[in-house]
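**Q** Mind looking over this structure? Questions follow.
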Amino acid sequence: MTYNFKFSKFTSANHYQKERMPNTKSQSVKLPGIYRYLYFISGVLLVTIGVIGIFLPILPTTIFLILASACFIKSSPQANEWLRNHKILGMYIKNYQDKSGLTIKSKIFNITFLWLMISASAIFFTDLWYIRLLLLAIAVGVTVHLILVKTKKD
């Protein structure tokens, strides 16, 4: 497969991306059974880590769910659709893939939950000042990131 890199051919970034996106259904059929099984197991493990990341602010939930989606695309399109349409987990993937941003309500919830969990960790689980400083730096960094993410309307 060859690509034509003349930029005048493309009218928008979305057109550029769609033209180069592989057909995911054909990829899942071409893989041997053992690979589809391993991708599926990897996807399940990544979803599990992503769910744990909702409650532990040190683990980034979104990246694990995106990786799980990639594994499910290669192993089971039905599992990927389940993940994308999940009531809670689906919003992480859809917001990322659509680049639509976060609502002000979700930003406030995420920042509040982040600071509650970081504070609890710093107060109850460590007495070391440098660990508390590290937790503070993580909280500030994630807060700044969430504030800078595009805000979408409800």
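Following the order of the structure tokens, first chain is A, next is B, and so on, with residues numbered from 1 inside each chain and ligands from 1 in the order they appear.
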Ala139 in chain A: which residues within 7 Å, counting only C-alpha atoms, same-chain residues fewer than 3 positions away excluded, as a list of chain:residue names?

**A** A:Leu114, A:Trp115, A:Ile118, A:Leu135, A:Leu136, A:Val142, A:Thr143

**Q** Could you give me, as a VMD selection string, the residues within 12 Å of Met117 in chain A, counting only C-alpha atoms and dropping anything in the same chain fewer than 5 positions from it?

**A** chain A and resid 53 to 58 110 to 112 122 to 125 135 to 136 138 to 139

**Q** For each of A:Leu67, A:Lys150, A:Tyr35, A:Ile52, take the minimum atom-to-atom distance to Asp98 in chain A, counting only C-alpha atoms, then give the residue where this is smallest.

**A**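 Once distances to Asp98 in chain A are computed over only C-alpha atoms, the minimum belongs to A:Lys150.
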
**Q** From the list A:Val140, A:Ile41, A:Leu134, A:Leu116, which residue is nearest Ser76 in chain A when using only C-alpha atoms?

**A**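 Result for the nearest residue to Ser76 in chain A: A:Ile41.
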
**Q** So the first atom is CA of Thr151 in chain A and the second is CA of Ile104 in chain A; what is the distance between them in Å, to one decimal place?

**A**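 Computed distance, CA of Thr151 in chain A to CA of Ile104 in chain A, equals 6.3 Å.
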
**Q** With distances taken over only C-alpha atoms, which residue among A:Val47, A:Ile108, A:Gly101, A:Leu59 lies nearest His86 in chain A?

**A**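 Ranking A:Val47, A:Ile108, A:Gly101, A:Leu59 by distance to His86 in chain A, first place goes to A:Val47.
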
**Q** Choose the residue, out of A:Phe113, A:Phe64, A:Tyr96, A:Phe40, that has the smallest atom-to-atom separation from Gln78 in chain A; count only C-alpha atoms.

**A**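 That would be A:Phe40, the residue with the smallest distance to Gln78 in chain A.
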
**Q** Of the candidates A:Cys71, A:Ile63, A:Lys152, A:Arg84, which one gets nearest to Lys99 in chain A if we count only C-alpha atoms?

**A**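 The closest residue to Lys99 in chain A is A:Lys152.
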
**Q** Please report, as a PDB file with C-alpha atoms, in the first residue's frame, each residue of range 48-102 of chain A to which DSSP assigns helix (DSSP H, G or I) when run on this structure's backbone.

**A**
ATOM      1  CA  THR A  48      -9.404  -3.610  34.714  1.00  0.00           C
ATOM      2  CA  ILE A  49      -6.378  -1.344  35.191  1.00  0.00           C
ATOM      3  CA  GLY A  50      -8.366   1.560  33.730  1.00  0.00           C
ATOM      4  CA  VAL A  51     -11.205   0.982  36.202  1.00  0.00           C
ATOM      5  CA  ILE A  52      -8.695   0.868  39.070  1.00  0.00           C
ATOM      6  CA  GLY A  53      -7.291   4.135  37.694  1.00  0.00           C
ATOM      7  CA  ILE A  54     -10.660   5.804  38.257  1.00  0.00           C
ATOM      8  CA  PHE A  55     -10.096   5.382  41.993  1.00  0.00           C
ATOM      9  CA  THR A  61      -7.644   5.807  33.209  1.00  0.00           C
ATOM     10  CA  THR A  62      -8.039   7.108  29.682  1.00  0.00           C
ATOM     11  CA  ILE A  63      -4.844   5.686  28.195  1.00  0.00           C
ATOM     12  CA  PHE A  64      -5.554   2.201  29.535  1.00  0.00           C
ATOM     13  CA  LEU A  65      -9.069   2.288  28.097  1.00  0.00           C
ATOM     14  CA  ILE A  66      -7.767   3.501  24.730  1.00  0.00           C
ATOM     15  CA  LEU A  67      -5.250   0.654  24.679  1.00  0.00           C
ATOM     16  CA  ALA A  68      -8.020  -1.780  25.646  1.00  0.00           C
ATOM     17  CA  SER A  69     -10.107  -0.479  22.758  1.00  0.00           C
ATOM     18  CA  ALA A  70      -7.194  -1.080  20.386  1.00  0.00           C
ATOM     19  CA  CYS A  71      -6.859  -4.655  21.676  1.00  0.00           C
ATOM     20  CA  PHE A  72     -10.585  -5.250  21.324  1.00  0.00           C
ATOM     21  CA  ILE A  73     -10.550  -3.910  17.766  1.00  0.00           C
ATOM     22  CA  LYS A  74      -8.039  -6.616  16.876  1.00  0.00           C
ATOM     23  CA  SER A  75      -9.743  -9.383  18.841  1.00  0.00           C
ATOM     24  CA  PRO A  77     -15.311  -5.827  17.577  1.00  0.00           C
ATOM     25  CA  GLN A  78     -18.290  -6.680  19.826  1.00  0.00           C
ATOM     26  CA  ALA A  79     -16.168  -6.123  22.948  1.00  0.00           C
ATOM     27  CA  ASN A  80     -14.944  -2.816  21.514  1.00  0.00           C
ATOM     28  CA  GLU A  81     -18.527  -1.687  20.886  1.00  0.00           C
ATOM     29  CA  TRP A  82     -19.448  -2.714  24.438  1.00  0.00           C
ATOM     30  CA  LEU A  83     -16.573  -0.613  25.782  1.00  0.00           C
ATOM     31  CA  ARG A  84     -17.381   2.403  23.594  1.00  0.00           C
ATOM     32  CA  LEU A  89     -16.177   3.874  30.547  1.00  0.00           C
ATOM     33  CA  GLY A  90     -17.410   4.782  27.088  1.00  0.00           C
ATOM     34  CA  MET A  91     -17.201   8.516  27.728  1.00  0.00           C
ATOM     35  CA  TYR A  92     -13.446   8.322  28.297  1.00  0.00           C
ATOM     36  CA  ILE A  93     -12.861   6.755  24.899  1.00  0.00           C
ATOM     37  CA  LYS A  94     -15.459   8.707  22.935  1.00  0.00           C
ATOM     38  CA  ASN A  95     -14.314  12.064  24.299  1.00  0.00           C
ATOM     39  CA  TYR A  96     -10.732  11.212  23.434  1.00  0.00           C
ATOM     40  CA  GLN A  97     -11.398   9.764  19.987  1.00  0.00           C
ATOM     41  CA  ASP A  98     -13.788  12.575  19.039  1.00  0.00           C
TER      42      ASP A  98
END
